[in-house]
Each structure stands twice: as structure tokens, then as C-alpha cells.
>>> print(open('final06.txt').read())   # compact mmCIF, C-alpha atoms
# COMPACT_ATOMS: atom_id res chain seq x y z
CA MET A 1 -18.96 -13.41 9.22
CA SER A 2 -21.60 -11.54 7.27
CA ILE A 3 -20.89 -9.43 4.21
CA ASP A 4 -23.06 -6.41 3.50
CA PRO A 5 -23.16 -5.96 -0.31
CA LEU A 6 -23.53 -2.19 0.10
CA VAL A 7 -20.37 -2.04 2.22
CA LEU A 8 -18.54 -4.19 -0.33
CA LEU A 9 -19.63 -1.81 -3.08
CA ALA A 10 -18.46 1.20 -1.04
CA VAL A 11 -15.05 -0.40 -0.46
CA ALA A 12 -14.67 -1.30 -4.16
CA GLY A 13 -15.80 2.13 -5.39
CA GLY A 14 -13.64 3.99 -2.89
CA GLY A 15 -10.67 1.72 -3.64
CA GLY A 16 -10.99 2.28 -7.39
CA LEU A 17 -11.16 6.05 -7.00
CA GLY A 18 -8.28 5.99 -4.51
CA GLY A 19 -6.09 4.04 -6.94
CA MET A 20 -6.77 6.50 -9.75
CA ALA A 21 -6.03 9.42 -7.43
CA ARG A 22 -2.73 7.74 -6.47
CA LEU A 23 -1.81 7.48 -10.16
CA ALA A 24 -2.69 11.14 -10.79
CA VAL A 25 -0.81 12.48 -7.74
CA GLY A 26 2.18 10.19 -8.44
CA ASN A 27 2.42 11.40 -12.04
CA LEU A 28 2.07 15.03 -11.01
CA VAL A 29 4.77 14.81 -8.34
CA ALA A 30 7.14 12.88 -10.62
CA HIS A 31 6.62 15.58 -13.26
CA TYR A 32 7.80 18.32 -10.90
CA LEU A 33 10.32 16.53 -8.69
CA GLY A 34 11.66 13.89 -11.08
CA ALA A 35 11.73 10.11 -10.73
CA GLY A 36 15.19 9.76 -9.14
CA PHE A 37 13.65 9.40 -5.68
CA PRO A 38 10.14 8.01 -4.99
CA TRP A 39 8.65 11.39 -4.04
CA GLY A 40 5.32 10.48 -5.64
CA THR A 41 4.64 7.54 -3.33
CA LEU A 42 5.89 9.57 -0.36
CA VAL A 43 3.47 12.42 -1.09
CA VAL A 44 0.62 9.93 -1.64
CA ASN A 45 1.27 8.13 1.65
CA LEU A 46 1.73 11.37 3.61
CA SER A 47 -1.41 13.03 2.27
CA GLY A 48 -3.31 9.76 2.77
CA ALA A 49 -2.10 9.50 6.36
CA LEU A 50 -3.15 13.10 7.06
CA LEU A 51 -6.62 12.47 5.64
CA MET A 52 -6.86 9.17 7.56
CA GLY A 53 -6.09 11.09 10.76
CA LEU A 54 -8.84 13.57 9.90
CA ALA A 55 -11.26 10.71 9.17
CA ALA A 56 -10.43 8.90 12.41
CA GLY A 57 -10.81 12.13 14.39
CA GLY A 58 -14.04 13.06 12.66
CA LEU A 59 -15.73 9.65 12.47
CA GLY A 60 -14.07 8.09 15.51
CA LEU A 61 -11.98 4.91 15.56
CA PRO A 62 -14.08 2.08 14.09
CA GLY A 63 -15.46 -0.70 16.26
CA PRO A 64 -15.96 -4.27 15.01
CA GLU A 65 -18.81 -3.13 12.75
CA ALA A 66 -17.58 -0.37 10.46
CA GLY A 67 -20.26 1.96 9.12
CA LEU A 68 -20.85 2.83 5.49
CA ALA A 69 -18.99 6.17 5.69
CA TRP A 70 -15.92 4.52 7.20
CA SER A 71 -16.02 1.71 4.60
CA LEU A 72 -16.17 4.19 1.73
CA LEU A 73 -13.70 6.81 2.98
CA ALA A 74 -11.19 4.94 5.14
CA ILE A 75 -11.16 1.29 4.02
CA GLY A 76 -11.91 2.05 0.35
CA LEU A 77 -10.71 5.50 -0.67
CA LEU A 78 -7.76 6.12 1.68
CA GLY A 79 -6.89 2.43 1.99
CA GLY A 80 -6.70 2.15 -1.80
CA TYR A 81 -5.01 5.54 -2.23
CA THR A 82 -2.06 4.75 0.03
CA THR A 83 0.25 1.85 -0.69
CA VAL A 84 2.90 -0.33 0.88
CA SER A 85 3.71 -2.45 -2.19
CA SER A 86 5.24 0.44 -4.17
CA PHE A 87 7.12 1.53 -1.03
CA SER A 88 8.65 -1.96 -0.67
CA LEU A 89 9.53 -2.17 -4.38
CA GLN A 90 11.14 1.29 -4.36
CA THR A 91 13.11 0.62 -1.17
CA LEU A 92 14.47 -2.65 -2.59
CA THR A 93 15.29 -0.98 -5.92
CA LEU A 94 17.21 1.86 -4.23
CA TRP A 95 19.12 -0.73 -2.18
CA GLN A 96 19.95 -2.80 -5.27
CA GLN A 97 21.19 0.36 -7.02
CA ARG A 98 23.63 0.69 -4.08
CA ARG A 99 21.90 3.89 -2.99
CA LYS A 100 21.74 2.59 0.56
CA ALA A 101 21.50 6.00 2.24
CA ALA A 102 18.58 6.89 -0.03
CA ALA A 103 16.87 3.56 0.78
CA LEU A 104 17.26 4.03 4.54
CA GLY A 105 16.26 7.67 4.27
CA TYR A 106 13.14 6.71 2.31
CA VAL A 107 12.09 4.21 5.02
CA ALA A 108 12.75 6.68 7.84
CA LEU A 109 11.04 9.54 6.02
CA THR A 110 7.94 7.47 5.18
CA LEU A 111 7.47 6.18 8.74
CA GLY A 112 8.48 9.39 10.55
CA THR A 113 6.46 11.85 8.53
CA GLY A 114 3.64 9.32 8.00
CA PHE A 115 2.95 9.02 11.72
CA ALA A 116 3.37 12.76 12.17
CA ALA A 117 0.80 13.40 9.41
CA LEU A 118 -1.66 10.96 11.03
CA LEU A 119 -1.31 12.66 14.41
CA VAL A 120 -1.70 16.14 12.91
CA GLY A 121 -4.82 15.00 11.03
CA ALA A 122 -6.35 13.45 14.15
CA TRP A 123 -5.46 16.54 16.18
CA LEU A 124 -7.01 18.89 13.59
CA ALA A 125 -10.22 16.85 13.71
CA GLY A 126 -10.45 17.15 17.49
CA GLY A 127 -8.38 14.14 18.60
CA LEU A 128 -9.01 10.39 18.77
CA THR A 129 -11.90 9.13 20.83
CA MET B 1 -0.88 3.44 -23.45
CA ILE B 2 -3.51 6.13 -23.75
CA ALA B 3 -3.95 7.90 -20.41
CA TRP B 4 -7.58 7.00 -19.80
CA ARG B 5 -6.83 3.33 -20.38
CA ALA B 6 -4.12 3.43 -17.72
CA TYR B 7 -6.56 5.11 -15.32
CA GLY B 8 -9.21 2.52 -16.12
CA ALA B 9 -6.82 -0.37 -15.54
CA VAL B 10 -5.48 1.10 -12.29
CA GLY B 11 -8.98 1.93 -11.04
CA LEU B 12 -10.28 -1.55 -11.78
CA GLY B 13 -7.25 -3.26 -10.23
CA SER B 14 -7.39 -1.02 -7.18
CA ALA B 15 -11.12 -1.68 -6.68
CA LEU B 16 -10.44 -5.41 -6.84
CA GLY B 17 -7.41 -5.18 -4.54
CA SER B 18 -9.27 -3.04 -1.98
CA THR B 19 -12.24 -5.42 -1.96
CA LEU B 20 -9.96 -8.41 -1.43
CA ARG B 21 -8.15 -6.55 1.38
CA TYR B 22 -11.50 -5.92 3.06
CA LEU B 23 -12.46 -9.60 2.73
CA VAL B 24 -9.13 -10.65 4.27
CA SER B 25 -9.77 -8.23 7.15
CA LEU B 26 -13.19 -9.86 7.70
CA ALA B 27 -11.72 -13.36 7.56
CA LEU B 28 -8.98 -12.51 10.06
CA ALA B 29 -11.12 -10.25 12.26
CA GLY B 30 -11.21 -10.75 16.00
CA PRO B 31 -7.67 -10.88 17.35
CA ALA B 32 -6.34 -7.79 19.06
CA PHE B 33 -3.40 -7.55 16.68
CA PRO B 34 -3.76 -6.30 13.07
CA TRP B 35 -2.70 -9.54 11.38
CA ALA B 36 -4.90 -8.91 8.33
CA THR B 37 -3.13 -5.69 7.31
CA LEU B 38 0.25 -7.28 8.00
CA ALA B 39 -0.70 -10.18 5.72
CA VAL B 40 -1.99 -8.07 2.82
CA ASN B 41 0.98 -5.69 2.96
CA GLY B 42 3.42 -8.61 2.98
CA LEU B 43 1.62 -10.45 0.16
CA GLY B 44 1.29 -7.29 -1.93
CA SER B 45 4.99 -6.48 -1.50
CA TRP B 46 5.92 -10.00 -2.58
CA LEU B 47 3.67 -9.83 -5.62
CA ILE B 48 4.71 -6.36 -6.86
CA VAL B 49 8.44 -7.10 -6.68
CA GLY B 50 7.96 -10.57 -8.13
CA PHE B 51 6.11 -9.10 -11.08
CA ALA B 52 8.67 -6.30 -11.56
CA ALA B 53 11.57 -8.78 -11.51
CA TYR B 54 9.74 -11.08 -13.92
CA ALA B 55 8.75 -8.24 -16.28
CA ALA B 56 12.30 -6.84 -16.31
CA ARG B 57 13.51 -10.05 -18.00
CA ARG B 58 10.55 -10.44 -20.31
CA THR B 59 10.30 -7.14 -22.11
CA HIS B 60 8.84 -8.85 -25.14
CA GLY B 61 5.36 -10.32 -25.04
CA ARG B 62 2.29 -9.33 -23.09
CA VAL B 63 3.75 -9.02 -19.61
CA ALA B 64 4.19 -5.24 -19.71
CA ARG B 65 0.55 -4.74 -20.70
CA TRP B 66 -0.58 -6.08 -17.34
CA GLN B 67 1.56 -3.65 -15.39
CA PRO B 68 -1.00 -0.84 -14.74
CA PHE B 69 -3.71 -3.29 -13.68
CA LEU B 70 -1.47 -5.49 -11.53
CA VAL B 71 1.13 -3.07 -10.10
CA GLY B 72 -0.51 0.34 -9.75
CA GLY B 73 -3.97 -1.18 -9.55
CA PHE B 74 -4.19 -4.45 -7.69
CA CYS B 75 -1.03 -4.32 -5.52
CA GLY B 76 -1.55 -0.62 -4.79
CA GLY B 77 -5.16 -1.06 -3.69
CA PHE B 78 -4.53 -4.35 -1.87
CA THR B 79 -1.79 -2.89 0.35
CA THR B 80 -2.33 0.13 2.54
CA PHE B 81 -0.09 2.51 4.43
CA SER B 82 -2.78 4.71 5.98
CA LEU B 83 -4.62 1.83 7.70
CA PHE B 84 -1.29 0.44 8.92
CA GLY B 85 -0.54 3.82 10.51
CA LEU B 86 -4.00 4.11 12.00
CA GLU B 87 -3.83 0.62 13.52
CA THR B 88 -0.49 1.52 15.11
CA LEU B 89 -2.05 4.68 16.51
CA ALA B 90 -5.06 2.72 17.78
CA LEU B 91 -2.77 0.30 19.65
CA MET B 92 -1.00 3.26 21.27
CA HIS B 93 -4.35 4.83 22.07
CA GLN B 94 -5.29 1.62 23.91
CA GLY B 95 -2.09 1.99 25.94
CA ARG B 96 -0.49 -1.03 24.23
CA LEU B 97 2.78 0.69 23.45
CA LEU B 98 4.79 -2.52 23.11
CA ALA B 99 2.29 -4.01 20.64
CA ALA B 100 2.39 -0.78 18.61
CA LEU B 101 6.19 -0.76 18.42
CA GLY B 102 6.19 -4.48 17.67
CA TYR B 103 3.66 -3.97 14.89
CA VAL B 104 5.83 -1.33 13.20
CA ALA B 105 9.02 -3.39 13.56
CA VAL B 106 7.44 -6.66 12.38
CA SER B 107 5.72 -4.85 9.49
CA LEU B 108 8.99 -3.40 8.20
CA VAL B 109 10.68 -6.80 8.35
CA VAL B 110 7.74 -8.55 6.65
CA TRP B 111 7.33 -5.89 3.90
CA LEU B 112 11.00 -5.78 2.94
CA GLY B 113 11.55 -9.50 3.52
CA ALA B 114 8.62 -10.29 1.24
CA ALA B 115 9.95 -7.85 -1.37
CA TRP B 116 13.33 -9.58 -1.26
CA GLY B 117 11.71 -13.02 -1.58
CA GLY B 118 9.48 -11.79 -4.41
CA TYR B 119 12.53 -10.56 -6.30
CA TYR B 120 14.11 -14.00 -6.34
CA ALA B 121 10.83 -15.74 -7.15
CA GLY B 122 10.15 -13.47 -10.13
CA HIS B 123 13.74 -13.62 -11.31
CA ARG B 124 13.80 -17.43 -11.16
CA LEU B 125 10.48 -17.76 -12.95
CA ALA B 126 11.67 -15.52 -15.79
CA VAL B 127 14.92 -17.48 -16.12
CA ALA B 128 13.08 -20.82 -16.03
CA ARG B 129 10.74 -19.70 -18.79
CA GLY B 130 13.62 -18.49 -20.91
>>> encode(input="final06.txt", output="C-alpha cells")
Amino acid sequence: MSIDPLVLLAVAGGGGLGGMARLAVGNLVAHYLGAGFPWGTLVVNLSGALLMGLAAGGLGLPGPEAGLAWSLLAIGLLGGYTTVSSFSLQTLTLWQQRRKAAALGYVALTLGTGFAALLVGAWLAGGLT
Amino acid sequence: MIAWRAYGAVGLGSALGSTLRYLVSLALAGPAFPWATLAVNGLGSWLIVGFAAYAARRTHGRVARWQPFLVGGFCGGFTTFSLFGLETLALMHQGRLLAALGYVAVSLVVWLGAAWGGYYAGHRLAVARG
């Protein structure tokens, strides 16, 4: 396994920017929709999935050797922007608050609309190749 | 915390988490199933809930100061939803429908199972440390 320092830098830079964008979007959404339901993470993951679909359609699905553009945009920026850890924490918290319908709805909504957003993004960019 | 400090901490943690996720994907590269993403998403879920459960019982002290770096930063950048979705789509694109469905099902179980385990680990650690 060989590590290209330029690729590593692209992943780190993209990941840092993606994380800050996640914080900004999460705060903005919570400001307008409230913090009673994890809308912020949902919006982040949906918009990230849509953009990932666009990236995959535009750049093509990556082979074993990912290029610099893919490392920066997909692995770094969008990979760092979207999150599973917050999703897991929020689902568990809703469940522990006995808001079981909200917890199940959150899981279904994230997966259902997430895959739909990916497909729409890929379709807009001309489909997967 | 002043806003720019929170952004700095989250950005730094996310850069570190993303880099580590990429290194894990290199280390586990090769097999036709996305084990690397499954592993980072499980580990990240365990860590974020463990920290939250620990911090909830230790409101005094320095624990809360690490929250932006560790939770929004590191765990957020380490785990990824968009790559998980894309890998599922790629499996379907290859005509491996069963592997795609299995990946989604196993991921959900691992994410939420790890979160549940992390809760008890963090809770126990906080109790043990008084």
C-alpha cells in the first residue's frame, strides 16, 4: 500500500472543510426548525448524498486508484461533511427518550431519502458509468 | 465558546477523522465488500455515544471542552453517510443486489449496536471515575 502525500493532504483539507460546513448547515437548520428532531443531520446527509451522486456521475465511480479530484471532493469534502456517528447518537437518544416512532421515522427517513438523493444526483450528472 | 473556535476545533477534528478514515480504507482495501466504511462507521458510533454518555455524568471539569473537536470534528469526519450510500449503489450497479441489501442491513445493526455498546461503556467509565 502506497500513500501519496498530496492525496492525503486533499483528504485532510476536504475533510476539515466538510466538517465546518456540517457545523454551519446544522446550526442554520436547527435555528429554523428547532432541535426537537435531528433535522440538521438529516439535511446534511441528504445534501451530501445528492452531491455525492453528482460527483459519482460526473467523475465516474472510482477504481482502486482514486484520483486527486475524487480524493478531495468525495473522500474528503463529502465524506467529512456527511456523518453516521451523529445519526447513531440521535437515534439512540430518541429511543431512550421513549420517542420510538420518531427514532424509527428518523432511520427510515435518512435511508429512504438518502438513497433517493444519491440516485437523483447521479441521474442529474448523466448516470453511473 | 466563541464561534470561530468551535469551527476551528471541528475543522481540525474532521480533517484528522477523514484522514484516518482514508488510511483505514487503504489498509482494508481489496475485498469486494466495503468492510472499511462499515468499520469506521461502527467505531465512530461507539465513540460518539460513549463520549456523550461519559460527558453527561461529568459536567464539571474539562470533558465538555473536548466536545467540538471530538464529537462534531473527529467522529463526524471519521464516519460517513455519503460514501456508505455510494458503496451500496456501486454494489447494485455491479448487479450484486443481495450484497447491497446485506450491506445496508448489517450497517444499521452495527451502527446502532455500537451506539448501544458505547452508551454502556461511557456510562460505566463515568460511574467508575466518580
>>> interface_residues(input="final06.txt", of="chain B", to="chain A", cutoff="8 Å", atoms="all atoms listed in the file", output="number ranges by chain")
B: 7-8, 10-19, 22, 26-27, 41, 44-46, 48-49, 72-73, 75-83, 85-86, 90, 93, 111-112, 115-116
>>> closest_residue(input="final06.txt", among="B:Leu70, B:Tyr54, B:Phe84, B:Ala64", to="Ala128 (chain B)", atoms="all atoms listed in the file")
B:Tyr54
>>> atom_distance(input="final06.txt", atom1="CA of Gly127 (chain A)", atom2="CA of Gly40 (chain A)")
28.1 Å
>>> atom_distance(input="final06.txt", atom1="CA of Gly122 (chain B)", atom2="CA of Ala53 (chain B)")
5.1 Å
>>> atom_distance(input="final06.txt", atom1="CA of Arg5 (chain B)", atom2="CA of His60 (chain B)")
20.4 Å
>>> closest_residue(input="final06.txt", among="A:Gly67, A:Gly34, A:Gly26, A:Gly60", to="Leu6 (chain A)", atoms="all atoms listed in the file")
A:Gly67
>>> closest_residue(input="final06.txt", among="A:Leu94, A:Ala102, A:Leu54, A:Leu68", to="Val120 (chain A)", atoms="all atoms listed in the file")
A:Leu54
>>> closest_residue(input="final06.txt", among="B:Gly95, B:Gly113, B:Gly50, B:Pro68", to="Leu125 (chain B)", atoms="only C-alpha atoms")
B:Gly50
>>> residues_near_point(input="final06.txt", point="(5.6, -6.0, 11.4)", cutoff="12 Å", atoms="only C-alpha atoms", output="NGL selection string")
:B and (33-42 or 84-85 or 87-88 or 99-114)
>>> write_last_selection(input="final06.txt", atoms="C-alpha atoms", output="compact mmCIF listing (two decimals), keeping the file's coordinate frame")
# COMPACT_ATOMS: atom_id res chain seq x y z
CA PHE B 33 -3.40 -7.55 16.68
CA PRO B 34 -3.76 -6.30 13.07
CA TRP B 35 -2.70 -9.54 11.38
CA ALA B 36 -4.90 -8.91 8.33
CA THR B 37 -3.13 -5.69 7.31
CA LEU B 38 0.25 -7.28 8.00
CA ALA B 39 -0.70 -10.18 5.72
CA VAL B 40 -1.99 -8.07 2.82
CA ASN B 41 0.98 -5.69 2.96
CA GLY B 42 3.42 -8.61 2.98
CA PHE B 84 -1.29 0.44 8.92
CA GLY B 85 -0.54 3.82 10.51
CA GLU B 87 -3.83 0.62 13.52
CA THR B 88 -0.49 1.52 15.11
CA ALA B 99 2.29 -4.01 20.64
CA ALA B 100 2.39 -0.78 18.61
CA LEU B 101 6.19 -0.76 18.42
CA GLY B 102 6.19 -4.48 17.67
CA TYR B 103 3.66 -3.97 14.89
CA VAL B 104 5.83 -1.33 13.20
CA ALA B 105 9.02 -3.39 13.56
CA VAL B 106 7.44 -6.66 12.38
CA SER B 107 5.72 -4.85 9.49
CA LEU B 108 8.99 -3.40 8.20
CA VAL B 109 10.68 -6.80 8.35
CA VAL B 110 7.74 -8.55 6.65
CA TRP B 111 7.33 -5.89 3.90
CA LEU B 112 11.00 -5.78 2.94
CA GLY B 113 11.55 -9.50 3.52
CA ALA B 114 8.62 -10.29 1.24
>>> build_atoms(input="final06.txt", residues="region 30-41 of chain A", atoms="all heavy atoms", output="tab-separated table (two decimals), in the frame of the given file")
chain	number	residue	atom	x	y	z
A	30	ALA	N	5.98	13.31	-9.84
A	30	ALA	CA	7.14	12.88	-10.62
A	30	ALA	C	7.47	13.91	-11.70
A	30	ALA	O	8.63	14.13	-12.04
A	30	ALA	CB	6.89	11.51	-11.25
A	31	HIS	N	6.43	14.57	-12.22
A	31	HIS	CA	6.62	15.58	-13.26
A	31	HIS	C	7.42	16.76	-12.71
A	31	HIS	O	8.27	17.32	-13.40
A	31	HIS	CB	5.26	16.04	-13.77
A	31	HIS	CG	5.33	17.12	-14.81
A	31	HIS	ND1	5.69	16.87	-16.11
A	31	HIS	CD2	5.10	18.45	-14.73
A	31	HIS	CE1	5.68	18.00	-16.79
A	31	HIS	NE2	5.33	18.97	-15.97
A	32	TYR	N	7.14	17.14	-11.46
A	32	TYR	CA	7.80	18.32	-10.90
A	32	TYR	C	9.10	17.99	-10.17
A	32	TYR	O	10.04	18.78	-10.17
A	32	TYR	CB	6.85	19.06	-9.96
A	32	TYR	CG	5.80	19.83	-10.72
A	32	TYR	CD1	4.50	19.38	-10.81
A	32	TYR	CD2	6.14	21.01	-11.38
A	32	TYR	CE1	3.54	20.08	-11.53
A	32	TYR	CE2	5.20	21.71	-12.10
A	32	TYR	CZ	3.90	21.24	-12.17
A	32	TYR	OH	2.97	21.93	-12.90
A	33	LEU	N	9.16	16.83	-9.52
A	33	LEU	CA	10.32	16.53	-8.69
A	33	LEU	C	11.23	15.47	-9.30
A	33	LEU	O	12.27	15.15	-8.75
A	33	LEU	CB	9.88	16.08	-7.29
A	33	LEU	CG	9.17	17.16	-6.46
A	33	LEU	CD1	8.71	16.58	-5.12
A	33	LEU	CD2	10.07	18.36	-6.21
A	34	GLY	N	10.82	14.88	-10.44
A	34	GLY	CA	11.66	13.89	-11.08
A	34	GLY	C	11.44	12.51	-10.47
A	34	GLY	O	10.78	12.36	-9.44
A	35	ALA	N	11.97	11.49	-11.15
A	35	ALA	CA	11.73	10.11	-10.73
A	35	ALA	C	12.97	9.48	-10.09
A	35	ALA	O	13.04	8.27	-9.90
A	35	ALA	CB	11.28	9.28	-11.94
A	36	GLY	N	13.97	10.30	-9.72
A	36	GLY	CA	15.19	9.76	-9.14
A	36	GLY	C	14.99	9.26	-7.72
A	36	GLY	O	15.70	8.39	-7.24
A	37	PHE	N	14.01	9.81	-7.04
A	37	PHE	CA	13.65	9.40	-5.68
A	37	PHE	C	12.13	9.26	-5.65
A	37	PHE	O	11.43	10.03	-6.29
A	37	PHE	CB	14.12	10.46	-4.67
A	37	PHE	CG	13.99	10.05	-3.24
A	37	PHE	CD1	14.95	9.26	-2.63
A	37	PHE	CD2	12.89	10.45	-2.49
A	37	PHE	CE1	14.82	8.87	-1.30
A	37	PHE	CE2	12.76	10.07	-1.15
A	37	PHE	CZ	13.73	9.28	-0.57
A	38	PRO	N	11.60	8.25	-4.93
A	38	PRO	CA	10.14	8.01	-4.99
A	38	PRO	C	9.31	9.06	-4.24
A	38	PRO	O	8.56	8.75	-3.33
A	38	PRO	CB	9.98	6.62	-4.37
A	38	PRO	CG	11.22	6.34	-3.64
A	38	PRO	CD	12.31	7.17	-4.25
A	39	TRP	N	9.41	10.32	-4.67
A	39	TRP	CA	8.65	11.39	-4.04
A	39	TRP	C	7.15	11.19	-4.21
A	39	TRP	O	6.36	11.55	-3.32
A	39	TRP	CB	9.03	12.75	-4.66
A	39	TRP	CG	10.43	13.17	-4.43
A	39	TRP	CD1	11.40	13.30	-5.37
A	39	TRP	CD2	11.05	13.50	-3.17
A	39	TRP	NE1	12.59	13.69	-4.78
A	39	TRP	CE2	12.39	13.82	-3.44
A	39	TRP	CE3	10.59	13.54	-1.86
A	39	TRP	CZ2	13.29	14.19	-2.44
A	39	TRP	CZ3	11.48	13.91	-0.86
A	39	TRP	CH2	12.80	14.24	-1.16
A	40	GLY	N	6.75	10.65	-5.37
A	40	GLY	CA	5.32	10.48	-5.64
A	40	GLY	C	4.63	9.62	-4.59
A	40	GLY	O	3.61	10.01	-4.02
A	41	THR	N	5.22	8.44	-4.33
A	41	THR	CA	4.64	7.54	-3.33
A	41	THR	C	4.68	8.17	-1.94
A	41	THR	O	3.75	8.02	-1.14
A	41	THR	CB	5.39	6.20	-3.34
A	41	THR	OG1	5.36	5.67	-4.67
A	41	THR	CG2	4.75	5.19	-2.40
